[in-house]
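coords33.cif, holding mmCIF, C-alpha atoms:
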```
data_entry
#
loop_
_atom_site.label_atom_id
_atom_site.label_comp_id
_atom_site.auth_asym_id
_atom_site.auth_seq_id
_atom_site.Cartn_x
_atom_site.Cartn_y
_atom_site.Cartn_z
CA MET K 452 28.84 0.64 37.65
CA ARG K 453 25.10 0.06 38.08
CA ASP K 454 22.73 -0.84 35.25
CA PRO K 455 20.59 2.03 34.03
CA LYS K 456 16.85 1.84 33.64
CA ALA K 457 17.50 1.87 29.93
CA THR K 458 18.48 -1.81 30.13
CA LYS K 459 14.89 -2.75 31.02
CA PRO K 460 12.71 -3.70 28.06
CA ALA K 461 10.31 -0.97 27.16
CA GLY K 462 8.44 -2.42 24.22
CA ALA K 463 9.49 -2.56 20.64
CA ALA K 464 8.94 -0.54 17.51
CA PRO K 465 5.51 -1.06 16.00
CA GLN K 466 5.29 -4.29 14.01
CA SER K 467 4.98 -4.01 10.27
CA PRO K 468 1.35 -4.46 9.12
CA HIS K 469 2.59 -6.93 6.50
CA ALA K 470 4.43 -9.00 9.13
CA ALA K 471 1.41 -8.89 11.46
CA GLN K 472 -0.93 -10.04 8.67
CA LEU K 473 1.42 -12.84 7.68
CA GLU K 474 1.59 -13.96 11.29
CA ARG K 475 -2.21 -13.89 11.74
CA GLY K 476 -2.91 -15.55 8.40
CA PHE K 477 -5.85 -14.93 6.09
CA PRO K 478 -7.99 -18.08 5.70
CA ARG K 479 -10.84 -16.08 4.16
CA LEU K 480 -8.53 -14.38 1.65
CA ARG K 481 -9.00 -10.99 3.26
CA PHE K 482 -6.44 -8.61 4.76
CA GLU K 483 -6.96 -5.71 7.11
CA PRO K 484 -8.77 -2.87 5.25
CA GLY K 485 -5.74 -0.70 4.45
CA LEU K 486 -3.62 -3.69 3.49
CA GLU K 487 -6.46 -5.14 1.40
CA GLU K 488 -6.65 -1.99 -0.69
CA GLU K 489 -2.87 -1.99 -1.13
CA PHE K 490 -2.92 -5.64 -2.29
CA LYS K 491 -5.74 -5.06 -4.77
CA SER K 492 -4.03 -1.98 -6.19
CA VAL K 493 -0.75 -3.85 -6.65
CA HIS K 494 -2.59 -6.87 -8.07
CA ARG K 495 -4.40 -4.73 -10.66
CA ARG K 496 -1.19 -3.04 -11.76
CA GLU K 497 0.77 -6.29 -12.04
CA THR K 498 -1.94 -8.17 -13.96
CA LEU K 499 -2.74 -5.34 -16.40
CA PRO K 500 -0.43 -6.57 -19.23
CA GLN K 501 -1.90 -10.09 -18.96
CA ILE K 502 -5.46 -8.75 -18.89
CA ARG K 503 -4.86 -6.78 -22.09
CA ARG K 504 -3.46 -9.86 -23.85
CA ASN K 505 -6.26 -12.09 -22.56
CA LEU K 506 -8.93 -9.69 -23.81
CA TRP K 507 -7.58 -9.93 -27.34
CA LEU K 508 -7.43 -13.72 -26.92
CA GLY K 509 -11.09 -13.66 -25.88
CA ILE K 510 -11.97 -11.64 -28.98
CA ALA K 511 -10.17 -14.24 -31.13
CA PHE K 512 -12.14 -17.07 -29.46
CA LEU K 513 -15.37 -15.16 -30.02
CA ILE K 514 -14.66 -14.76 -33.73
CA VAL K 515 -13.69 -18.43 -34.14
CA PHE K 516 -16.85 -19.65 -32.38
CA ALA K 517 -18.99 -17.25 -34.46
CA ILE K 518 -17.55 -18.72 -37.66
CA LEU K 519 -18.06 -22.29 -36.42
CA THR K 520 -21.69 -21.68 -35.44
CA HIS K 521 -22.41 -20.21 -38.89
CA MET K 522 -21.00 -23.39 -40.41
CA VAL K 523 -23.13 -25.82 -38.38
CA LEU K 524 -26.36 -23.90 -37.74
CA GLY K 525 -29.06 -22.62 -40.04
CA PRO K 526 -29.29 -18.99 -41.18
CA GLU K 527 -32.20 -18.11 -38.88
CA THR K 528 -30.50 -19.48 -35.77
CA SER K 529 -27.19 -17.87 -36.77
CA ARG K 530 -28.93 -14.50 -37.03
CA GLN K 531 -30.28 -14.94 -33.47
CA LEU K 532 -26.82 -15.74 -32.17
CA ASP K 533 -25.30 -12.79 -34.02
CA LEU K 534 -27.89 -10.54 -32.42
CA ILE K 535 -26.90 -11.81 -28.95
CA ARG K 536 -23.21 -11.30 -29.72
CA THR K 537 -23.84 -7.78 -31.02
CA ALA K 538 -26.03 -6.83 -28.04
CA THR K 539 -23.82 -8.29 -25.30
CA PHE K 540 -20.30 -9.41 -26.26
CA VAL K 541 -19.30 -6.51 -28.54
CA PRO K 542 -20.20 -3.62 -26.18
CA LEU K 543 -18.80 -5.43 -23.13
CA LEU K 544 -15.49 -6.14 -24.86
CA LEU K 545 -15.23 -2.61 -26.26
CA ILE K 546 -15.93 -1.02 -22.88
CA THR K 547 -13.40 -3.29 -21.18
CA LEU K 548 -10.73 -2.56 -23.80
CA VAL K 549 -11.24 1.18 -23.36
CA VAL K 550 -11.02 0.88 -19.56
CA VAL K 551 -7.81 -1.21 -19.53
CA HIS K 552 -6.11 1.33 -21.81
CA SER K 553 -7.25 4.38 -19.86
CA ARG K 554 -6.02 6.21 -16.77
CA TRP K 555 -9.22 5.17 -14.98
CA TYR K 556 -8.26 1.50 -15.12
CA GLU K 557 -7.64 0.94 -11.42
CA ARG K 558 -10.87 2.65 -10.41
CA LEU K 559 -13.24 1.30 -13.07
CA TYR K 560 -11.94 -2.16 -13.98
CA PRO K 561 -13.22 -3.97 -10.84
CA ILE K 562 -16.70 -2.52 -11.47
CA VAL K 563 -16.62 -3.45 -15.16
CA CYS K 564 -15.59 -7.01 -14.26
CA LEU K 565 -18.21 -7.39 -11.57
CA ILE K 566 -20.97 -6.40 -14.02
CA GLY K 567 -19.48 -7.51 -17.32
CA ALA K 568 -18.25 -11.01 -16.45
CA PRO K 569 -21.65 -12.45 -15.45
CA LEU K 570 -23.38 -10.64 -18.35
CA PHE K 571 -20.87 -12.12 -20.79
CA GLY K 572 -21.47 -15.53 -19.24
CA ILE K 573 -25.25 -15.16 -19.53
CA GLY K 574 -24.81 -14.28 -23.21
CA ALA K 575 -22.75 -17.45 -23.70
CA VAL K 576 -25.48 -19.43 -21.90
CA ALA K 577 -28.16 -18.02 -24.22
CA ILE K 578 -26.13 -18.99 -27.30
CA ALA K 579 -25.42 -22.49 -25.96
CA VAL K 580 -29.08 -23.17 -25.08
CA ILE K 581 -30.35 -21.89 -28.45
CA ALA K 582 -27.78 -24.07 -30.25
CA ALA K 583 -28.79 -27.06 -28.10
CA THR K 584 -32.40 -26.74 -29.24
CA GLU K 585 -31.04 -27.18 -32.79
CA GLY K 586 -29.14 -30.30 -31.78
CA VAL K 587 -25.70 -28.64 -31.55
CA SER K 588 -23.90 -28.71 -28.19
CA LEU K 589 -21.99 -25.52 -27.34
CA LEU K 590 -21.54 -26.34 -23.68
CA SER K 591 -17.78 -26.11 -24.28
CA ALA K 592 -18.24 -22.37 -24.86
CA VAL K 593 -19.87 -21.97 -21.42
CA VAL K 594 -17.06 -24.03 -19.87
CA LEU K 595 -14.45 -21.80 -21.54
CA VAL K 596 -16.21 -18.65 -20.32
CA THR K 597 -16.25 -20.07 -16.78
CA ILE K 598 -12.52 -20.80 -16.93
CA TYR K 599 -11.96 -17.37 -18.43
CA ILE K 600 -13.76 -15.73 -15.49
CA TYR K 601 -11.68 -17.61 -12.91
CA PHE K 602 -8.24 -17.18 -14.44
CA MET K 603 -8.04 -14.75 -17.36
CA LEU K 604 -9.62 -11.50 -16.20
CA GLY K 605 -7.40 -10.77 -13.21
CA MET K 606 -10.38 -10.91 -10.83
CA THR K 607 -9.85 -11.72 -7.17
CA PHE K 608 -11.31 -14.98 -5.89
CA TYR K 609 -14.70 -13.98 -4.50
CA PRO K 610 -15.88 -11.77 -7.41
CA ALA K 611 -14.76 -14.51 -9.84
CA LEU K 612 -16.58 -17.19 -7.85
CA ALA K 613 -19.77 -15.12 -7.70
CA SER K 614 -19.67 -14.41 -11.46
CA ALA K 615 -19.05 -18.08 -12.33
CA LEU K 616 -21.93 -19.21 -10.09
CA VAL K 617 -24.25 -16.69 -11.80
CA VAL K 618 -23.35 -18.34 -15.12
CA PHE K 619 -24.02 -21.81 -13.67
CA VAL K 620 -27.44 -20.80 -12.32
CA ALA K 621 -28.29 -19.03 -15.60
CA TYR K 622 -27.54 -22.20 -17.54
CA ALA K 623 -29.69 -24.31 -15.20
CA VAL K 624 -32.63 -21.90 -15.54
CA ALA K 625 -32.27 -21.45 -19.31
CA ALA K 626 -31.94 -25.20 -19.94
CA GLN K 627 -35.04 -25.85 -17.85
CA MET K 628 -37.01 -23.18 -19.71
CA ALA K 629 -35.88 -24.58 -23.09
CA GLU K 630 -36.83 -28.11 -21.98
CA LEU K 631 -33.57 -29.64 -23.15
CA GLY K 632 -34.36 -32.93 -21.44
CA THR K 633 -33.42 -34.43 -18.10
CA ALA K 634 -30.45 -36.52 -19.26
CA PRO K 635 -28.66 -33.77 -21.28
CA MET K 636 -29.33 -31.22 -18.53
CA THR K 637 -27.93 -33.52 -15.86
CA ILE K 638 -24.77 -34.15 -17.83
CA ASP K 639 -24.29 -30.47 -18.77
CA LEU K 640 -24.88 -29.21 -15.24
CA SER K 641 -22.54 -31.87 -13.84
CA VAL K 642 -19.80 -30.74 -16.23
CA LEU K 643 -20.34 -27.10 -15.26
CA ALA K 644 -20.43 -28.00 -11.57
CA PHE K 645 -17.11 -29.85 -11.82
CA THR K 646 -15.66 -26.93 -13.80
CA ASN K 647 -16.65 -24.58 -10.98
CA VAL K 648 -15.29 -26.86 -8.28
CA ILE K 649 -11.93 -27.16 -10.05
CA GLY K 650 -11.88 -23.45 -10.88
CA ALA K 651 -12.71 -22.48 -7.28
CA MET K 652 -10.10 -24.83 -5.77
CA VAL K 653 -7.32 -23.72 -8.10
CA GLY K 654 -8.41 -20.07 -7.92
CA TYR K 655 -8.38 -20.13 -4.11
CA SER K 656 -4.92 -21.71 -4.03
CA LEU K 657 -3.54 -19.24 -6.57
CA GLU K 658 -4.87 -16.21 -4.73
CA ARG K 659 -3.60 -17.52 -1.41
CA ALA K 660 -0.15 -17.94 -2.97
CA ASN K 661 -0.38 -14.45 -4.53
CA ARG K 662 -1.32 -12.89 -1.21
CA THR K 663 1.47 -14.72 0.60
CA ASN K 664 4.00 -13.59 -2.03
CA PHE K 665 2.71 -10.03 -1.74
CA LEU K 666 3.21 -9.98 2.03
CA GLU K 667 6.63 -11.62 1.84
CA GLU K 668 7.84 -9.25 -0.89
CA ARG K 669 6.62 -6.20 1.00
CA LEU K 670 8.24 -7.57 4.15
CA LEU K 671 11.57 -7.95 2.35
CA ILE K 672 11.30 -4.37 1.07
CA GLU K 673 10.45 -3.15 4.57
CA THR K 674 13.34 -5.13 6.08
CA ALA K 675 15.73 -3.46 3.65
CA SER K 676 14.33 -0.05 4.61
CA ARG K 677 14.48 -0.65 8.38
CA ASP K 678 17.26 0.12 10.79
CA GLY K 679 18.57 -3.17 12.14
CA LEU K 680 18.97 -1.93 15.71
CA THR K 681 15.88 0.16 16.37
CA GLY K 682 13.37 -1.34 13.92
CA ILE K 683 12.27 2.04 12.55
CA HIS K 684 13.07 3.27 9.04
CA ASN K 685 16.69 3.85 8.09
CA ARG K 686 18.46 6.80 6.45
CA ARG K 687 18.09 5.36 2.96
CA PHE K 688 14.31 5.15 3.32
CA PHE K 689 14.21 8.66 4.75
CA ASP K 690 16.07 10.07 1.75
CA GLU K 691 13.81 8.25 -0.73
CA HIS K 692 10.69 9.29 1.17
CA ILE K 693 11.66 12.96 1.23
CA ASP K 694 12.47 12.88 -2.48
CA THR K 695 8.96 11.51 -3.15
CA LEU K 696 7.16 13.68 -0.63
CA TRP K 697 8.63 17.01 -1.73
CA PRO K 698 7.08 17.15 -5.26
CA GLN K 699 3.83 15.74 -3.89
CA ALA K 700 3.67 18.55 -1.33
CA ILE K 701 4.26 21.07 -4.13
CA ARG K 702 1.35 19.62 -6.12
CA ASP K 703 -0.94 19.46 -3.08
CA ARG K 704 0.26 22.83 -1.71
CA SER K 705 0.82 21.13 1.62
CA ALA K 706 3.30 22.17 4.29
CA LEU K 707 5.95 19.82 5.65
CA VAL K 708 7.52 19.55 9.09
CA LEU K 709 10.87 17.91 9.76
CA LEU K 710 12.06 17.31 13.31
CA LEU K 711 15.66 16.26 13.84
CA VAL K 712 16.02 14.73 17.30
CA ASP K 713 19.43 14.22 18.90
CA ILE K 714 20.05 12.41 22.19
CA ASP K 715 21.98 14.75 24.47
CA HIS K 716 25.46 13.62 25.54
CA PHE K 717 24.95 10.14 24.10
CA LYS K 718 28.68 9.42 23.79
CA ALA K 719 29.05 10.03 27.52
CA TYR K 720 26.08 7.70 28.12
CA ASN K 721 27.71 4.97 26.00
CA ASP K 722 31.06 5.38 27.73
CA TYR K 723 29.48 5.24 31.18
CA TYR K 724 26.94 2.41 30.75
CA GLY K 725 28.41 0.45 27.85
CA HIS K 726 27.31 -0.16 24.28
CA GLN K 727 24.59 -2.70 25.11
CA ALA K 728 22.86 -0.18 27.35
CA GLY K 729 23.40 2.43 24.64
CA ASP K 730 21.71 0.19 22.07
CA GLU K 731 18.73 -0.37 24.39
CA CYS K 732 18.51 3.36 24.96
CA LEU K 733 18.35 3.95 21.20
CA ARG K 734 15.57 1.35 20.88
CA GLN K 735 13.47 2.98 23.58
CA VAL K 736 13.89 6.43 22.08
CA ALA K 737 12.98 5.06 18.62
CA VAL K 738 9.77 3.52 19.98
CA CYS K 739 8.88 6.81 21.64
CA LEU K 740 9.49 8.77 18.43
CA SER K 741 7.57 6.31 16.25
CA ARG K 742 4.38 7.25 18.11
CA SER K 743 4.67 10.76 16.65
CA ALA K 744 4.33 9.62 13.02
CA ARG K 745 1.16 7.57 12.69
CA ARG K 746 -0.42 8.94 9.50
CA PRO K 747 0.27 7.20 6.15
CA LEU K 748 2.75 9.81 4.85
CA ASP K 749 4.43 10.53 8.20
CA VAL K 750 7.74 8.79 8.83
CA THR K 751 10.16 8.21 11.69
CA ALA K 752 13.71 7.22 10.76
CA ARG K 753 17.09 6.80 12.34
CA TYR K 754 19.03 9.59 10.67
CA GLY K 755 22.44 8.50 11.91
CA GLY K 756 24.06 7.47 15.18
CA GLU K 757 22.00 8.95 18.02
CA GLU K 758 20.09 11.28 15.67
CA PHE K 759 16.53 10.63 14.49
CA ALA K 760 14.22 12.30 11.97
CA VAL K 761 10.44 12.69 12.06
CA VAL K 762 8.65 13.87 8.90
CA LEU K 763 5.07 15.14 9.15
CA TYR K 764 3.04 15.71 5.99
CA ASP K 765 0.45 18.47 5.66
CA ALA K 766 1.60 19.91 8.99
CA ARG K 767 2.44 23.46 10.07
CA ARG K 768 4.16 25.23 12.96
CA ASP K 769 1.53 24.32 15.55
CA HIS K 770 1.88 20.66 14.56
CA ALA K 771 5.65 20.92 14.97
CA GLU K 772 5.29 22.45 18.43
CA GLU K 773 2.79 19.80 19.53
CA ALA K 774 4.89 16.95 18.15
CA ALA K 775 8.00 18.29 19.90
CA ARG K 776 6.11 18.53 23.20
CA ARG K 777 4.89 14.96 22.87
CA ILE K 778 8.37 13.70 22.03
CA ARG K 779 10.02 15.43 24.96
CA ALA K 780 7.23 14.32 27.31
CA GLY K 781 7.66 10.75 26.06
CA ILE K 782 11.41 10.83 26.60
CA GLU K 783 10.89 12.22 30.08
CA ALA K 784 8.38 9.44 30.83
CA LEU K 785 11.03 6.86 29.96
CA ALA K 786 12.94 8.12 33.02
CA ILE K 787 16.28 6.83 31.74
CA ASP K 788 19.11 7.64 34.14
CA HIS K 789 22.15 9.43 32.68
CA ALA K 790 24.72 9.72 35.45
CA ALA K 791 27.35 10.98 32.99
CA SER K 792 25.25 13.95 31.87
CA PRO K 793 26.56 17.40 32.83
CA ALA K 794 22.96 18.50 33.41
CA PRO K 795 21.87 18.59 37.07
CA GLU K 796 18.83 16.28 36.55
CA LYS K 797 21.05 13.34 35.51
CA ARG K 798 18.43 11.92 33.15
CA LEU K 799 18.34 11.29 29.43
CA THR K 800 17.15 14.27 27.36
CA VAL K 801 16.92 15.19 23.69
CA SER K 802 17.46 18.31 21.61
CA ILE K 803 15.05 18.94 18.75
CA GLY K 804 15.49 21.11 15.67
CA ALA K 805 12.36 21.58 13.60
CA ALA K 806 11.81 23.08 10.16
CA CYS K 807 8.35 24.15 8.91
CA VAL K 808 8.24 24.73 5.17
CA GLU K 809 5.66 24.95 2.41
CA PRO K 810 7.49 23.54 -0.63
CA VAL K 811 7.44 25.66 -3.77
CA PRO K 812 8.68 25.01 -7.31
CA GLY K 813 12.31 25.86 -7.76
CA ARG K 814 13.32 24.88 -4.21
CA SER K 815 14.64 21.44 -3.28
CA CYS K 816 14.27 19.34 -0.16
CA PHE K 817 17.96 19.90 0.67
CA GLY K 818 17.26 23.36 2.04
CA PHE K 819 14.40 21.91 4.11
CA ILE K 820 16.76 19.39 5.72
CA GLN K 821 19.45 22.04 6.20
CA LEU K 822 16.98 24.32 7.98
CA ALA K 823 16.10 21.58 10.46
CA ASP K 824 19.80 20.87 10.91
CA GLU K 825 20.48 24.53 11.70
CA ALA K 826 17.59 24.54 14.18
CA LEU K 827 19.06 21.45 15.88
CA TYR K 828 22.47 23.13 16.03
CA ALA K 829 20.83 26.16 17.64
CA ALA K 830 19.11 23.96 20.23
CA LYS K 831 22.46 22.42 21.17
CA GLU K 832 24.21 25.78 21.26
CA ARG K 833 21.59 27.16 23.64
CA GLY K 834 22.06 24.45 26.25
CA ARG K 835 20.38 21.28 24.84
CA ASP K 836 17.23 19.70 26.28
CA ARG K 837 15.07 22.06 24.24
CA THR K 838 13.38 22.59 20.88
CA VAL K 839 14.13 25.24 18.30
CA ILE K 840 11.70 25.73 15.41
CA MET K 841 12.56 27.61 12.22
CA ASP K 842 10.18 28.59 9.46
CA LYS K 843 10.69 32.22 8.41
CA GLU K 844 14.43 31.59 7.96
CA TYR K 845 13.73 29.40 4.93
CA ALA K 846 13.18 32.42 2.68
CA GLN K 847 16.75 33.67 3.29
CA LEU K 848 18.36 30.23 3.38
CA SER K 849 21.26 29.52 1.03
CA THR K 850 21.29 25.76 0.54
CA GLY K 851 24.67 24.18 1.10
CA ALA K 852 25.99 27.08 3.22
CA PHE K 853 25.47 26.02 6.81
CA ARG K 854 25.14 29.10 9.00
CA LYS K 855 26.51 28.31 12.43
CA GLY K 856 26.10 31.92 13.49
CA ALA K 857 22.64 32.33 12.07
CA ALA K 858 20.97 30.68 15.02
CA ALA K 859 22.28 33.01 17.67
CA PRO K 860 19.76 35.88 17.79
CA GLU K 861 16.89 35.04 20.14
CA ASP K 862 14.31 37.02 18.21
CA SER K 863 14.90 34.97 15.05
CA LEU K 864 13.95 31.71 16.72
CA SER K 865 11.01 30.08 18.44
CA THR K 866 11.96 27.88 21.36
CA VAL K 867 9.62 25.33 22.90
CA VAL K 868 10.82 24.29 26.34
#
```

Starting from the coordinates I provided, produce the structure as structure tokens.
Amino acid sequence: MRDPKATKPAGAAPQSPHAAQLERGFPRLRFEPGLEEEFKSVHRRETLPQIRRNLWLGIAFLIVFAILTHMVLGPETSRQLDLIRTATFVPLLLITLVVVHSRWYERLYPIVCLIGAPLFGIGAVAIAVIAATEGVSLLSAVVLVTIYIYFMLGMTFYPALASALVVFVAYAVAAQMAELGTAPMTIDLSVLAFTNVIGAMVGYSLERANRTNFLEERLLIETASRDGLTGIHNRRFFDEHIDTLWPQAIRDRSALVLLLVDIDHFKAYNDYYGHQAGDECLRQVAVCLSRSARRPLDVTARYGGEEFAVVLYDARRDHAEEAARRIRAGIEALAIDHAASPAPEKRLTVSIGAACVEPVPGRSCFGFIQLADEALYAAKERGRDRTVIMDKEYAQLSTGAFRKGAAAPEDSLSTVV
């Protein structure tokens, strides 16, 4: 027996974006745009409990320092510092607390941090410089604020670095304007400079580790959701994805398309060419199908054996027809010989059953899948190597009662050849 063309490598399933990013690296602590947004969203969600605790810790520090300054400074100076606290710290902390306990947290918190962190630091600088003119050093407060910016607010590295540097420059300018003296200024600025160097080094290392962990965790999740042979999503992921997509489509009033694709006479192909050739055939078909689901909510999965599923979100009948044409053209372009096929062309072909449905409350995704399954059955019954699309049949569908005879009438079906 000769080797079929299917044994020749024909590419692989598209590489996971997380795996590709991990392979390329990220020396500047930046991912590809889509992946960067995903990381930041996950980072904000995971750090939210810590941010809430750290805000209350910051409020406690603020109260303690306010009491201490009242103990060591005169009434007039204390009133000035209270005015600064009331004008800057109190509104900033209140706004931040409201944001982290609201549903707008993910959208507003980065903006609040980007504006609020340097403003809070400038307020601390003003207090420290005023106290220094009275002979009391509060540089430790500026150091604590700098550390707080780097590690306690859940900020990513670059915004934290920029905010901390604003505080450093503000202290240098304010100390110069207050004429604190060359020697004290040199010492204070050196301490702040070392604080920033240490904060930046540790902050960079921590974020790099966080980003690496994020990619590795997502890669593990993806590996568990991938079919080991073909590299595309597996049946488990398909089921979970449909369960999630169905209520979302109801909310968005979006239509869904499901294409079930079955390789024609695959058992005969396996028996004739052997299982290794059969495995390579499945890989090539999977790669071809994966090109039909490129949008974020579209999915290609191995449904079972030689059967595949393609889910298209916010797609209607014309999208189903176009996707089926592309799939069948792609399979034809593979030009895989199938000497054991009863068809005269002796090449590998597929049958496609498609369901087009606009989900509504009260209906489940099981009927959607059943409709595509009935369409696939009809395509096989009518000679294979063709597409059958069903949409109107959904209204009369009884979920769980597979209608083998329902596909027979020609006028009830749309066939794309």

Practice prompt. Spell out the residues picked by the PyMOL selection byres ((chain K and resi 599-603) around 10) here, as a ChimeraX atom specification.
Written response: /K:498,501-506,508-509,564,568-569,571-572,593-598,604-615,618,647,649-651,653-655,657

Worksheet item: With only C-alpha atoms as the atoms that count, which of K:Ile782, K:Ile683, K:Ala794, K:Leu711 lies nearest to Ser467 of chain K?
Response: K:Ile683

Hits from the PyMOL selection byres ((chain K and resi 771) around 8), listed as a PDB file with C-alpha atoms, in the frame of the given file:
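Output saved as result23.pdb:
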```pdb
ATOM      1  CA  VAL K 708       7.520  19.550   9.090  1.00  0.00           C
ATOM      2  CA  LEU K 709      10.870  17.910   9.760  1.00  0.00           C
ATOM      3  CA  LEU K 710      12.060  17.310  13.310  1.00  0.00           C
ATOM      4  CA  ALA K 766       1.600  19.910   8.990  1.00  0.00           C
ATOM      5  CA  ARG K 767       2.440  23.460  10.070  1.00  0.00           C
ATOM      6  CA  ARG K 768       4.160  25.230  12.960  1.00  0.00           C
ATOM      7  CA  ASP K 769       1.530  24.320  15.550  1.00  0.00           C
ATOM      8  CA  HIS K 770       1.880  20.660  14.560  1.00  0.00           C
ATOM      9  CA  GLU K 772       5.290  22.450  18.430  1.00  0.00           C
ATOM     10  CA  GLU K 773       2.790  19.800  19.530  1.00  0.00           C
ATOM     11  CA  ALA K 774       4.890  16.950  18.150  1.00  0.00           C
ATOM     12  CA  ALA K 775       8.000  18.290  19.900  1.00  0.00           C
ATOM     13  CA  ALA K 805      12.360  21.580  13.600  1.00  0.00           C
ATOM     14  CA  CYS K 807       8.350  24.150   8.910  1.00  0.00           C
ATOM     15  CA  ILE K 840      11.700  25.730  15.410  1.00  0.00           C
TER      16      ILE K 840
END
```

Discussion item. To test your reading of the syntax: which residues would the PyMOL selection byres ((chain K and resi 755) around 12) return for the file shown? Reply as a ChimeraX atom specification.
Written reply: /K:678,680-681,684-687,689,711-714,733,752-754,756-760

Write a file of the just-selected residues containing C-alpha atoms, as a compact mmCIF listing (two decimals), keeping the file's coordinate frame.
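The result, written out as again_3.txt:
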```txt
# COMPACT_ATOMS: atom_id res chain seq x y z
CA ASP K 678 17.26 0.12 10.79
CA LEU K 680 18.97 -1.93 15.71
CA THR K 681 15.88 0.16 16.37
CA HIS K 684 13.07 3.27 9.04
CA ASN K 685 16.69 3.85 8.09
CA ARG K 686 18.46 6.80 6.45
CA ARG K 687 18.09 5.36 2.96
CA PHE K 689 14.21 8.66 4.75
CA LEU K 711 15.66 16.26 13.84
CA VAL K 712 16.02 14.73 17.30
CA ASP K 713 19.43 14.22 18.90
CA ILE K 714 20.05 12.41 22.19
CA LEU K 733 18.35 3.95 21.20
CA ALA K 752 13.71 7.22 10.76
CA ARG K 753 17.09 6.80 12.34
CA TYR K 754 19.03 9.59 10.67
CA GLY K 756 24.06 7.47 15.18
CA GLU K 757 22.00 8.95 18.02
CA GLU K 758 20.09 11.28 15.67
CA PHE K 759 16.53 10.63 14.49
CA ALA K 760 14.22 12.30 11.97
```

Worksheet item: For Glu527 of chain K, which residue among K:Leu590, K:Leu666, K:Leu570, K:Ala582 is the nearest when counting only C-alpha atoms?
Response: K:Ala582

Worksheet item: Could you pull the residues within 12 Å of Arg837 of chain K, counting all atoms listed in the file, minus those fewer than 2 positions along the same chain, as a PyMOL selection string?
Response: chain K and resi 711-715+772+775-776+778-780+800-805+826-835+839-840+865-868

Worksheet item: Hey, what's within 12 Å of Phe665 of chain K if we count only C-alpha atoms and toss same-chain stuff fewer than 5 positions away? As a ChimeraX atom specification, please?
Response: /K:469-470,472-473,482,486-487,489-494,497,658-660,670-672

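What separates atom CA of Met652 of chain K from atom CA of Phe512 of chain K is a distance of 25.0 Å.
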
Rebuild N, CA and C atoms on segment 770-782 of chain K, as a compact mmCIF listing (two decimals), keeping the file's coordinate frame?
```
# COMPACT_ATOMS: atom_id res chain seq x y z
N HIS K 770 1.67 22.10 14.52
CA HIS K 770 1.88 20.66 14.56
C HIS K 770 3.30 20.34 15.01
N ALA K 771 4.26 21.13 14.56
CA ALA K 771 5.65 20.92 14.97
C ALA K 771 5.81 21.12 16.47
N GLU K 772 5.19 22.17 16.99
CA GLU K 772 5.29 22.45 18.43
C GLU K 772 4.65 21.32 19.24
N GLU K 773 3.47 20.87 18.79
CA GLU K 773 2.79 19.80 19.53
C GLU K 773 3.57 18.50 19.47
N ALA K 774 4.11 18.18 18.28
CA ALA K 774 4.89 16.95 18.15
C ALA K 774 6.14 17.00 19.02
N ALA K 775 6.81 18.15 19.06
CA ALA K 775 8.00 18.29 19.90
C ALA K 775 7.66 18.13 21.38
N ARG K 776 6.53 18.70 21.79
CA ARG K 776 6.11 18.53 23.20
C ARG K 776 5.87 17.06 23.53
N ARG K 777 5.18 16.38 22.62
CA ARG K 777 4.89 14.96 22.87
C ARG K 777 6.17 14.14 22.94
N ILE K 778 7.11 14.45 22.05
CA ILE K 778 8.37 13.70 22.03
C ILE K 778 9.12 13.91 23.33
N ARG K 779 9.25 15.15 23.75
CA ARG K 779 10.02 15.43 24.96
C ARG K 779 9.31 14.88 26.20
N ALA K 780 7.97 14.92 26.19
CA ALA K 780 7.23 14.32 27.31
C ALA K 780 7.42 12.80 27.32
N GLY K 781 7.44 12.20 26.14
CA GLY K 781 7.66 10.75 26.06
C GLY K 781 9.04 10.35 26.53
N ILE K 782 10.05 11.12 26.15
CA ILE K 782 11.41 10.83 26.60
C ILE K 782 11.52 10.98 28.11
```
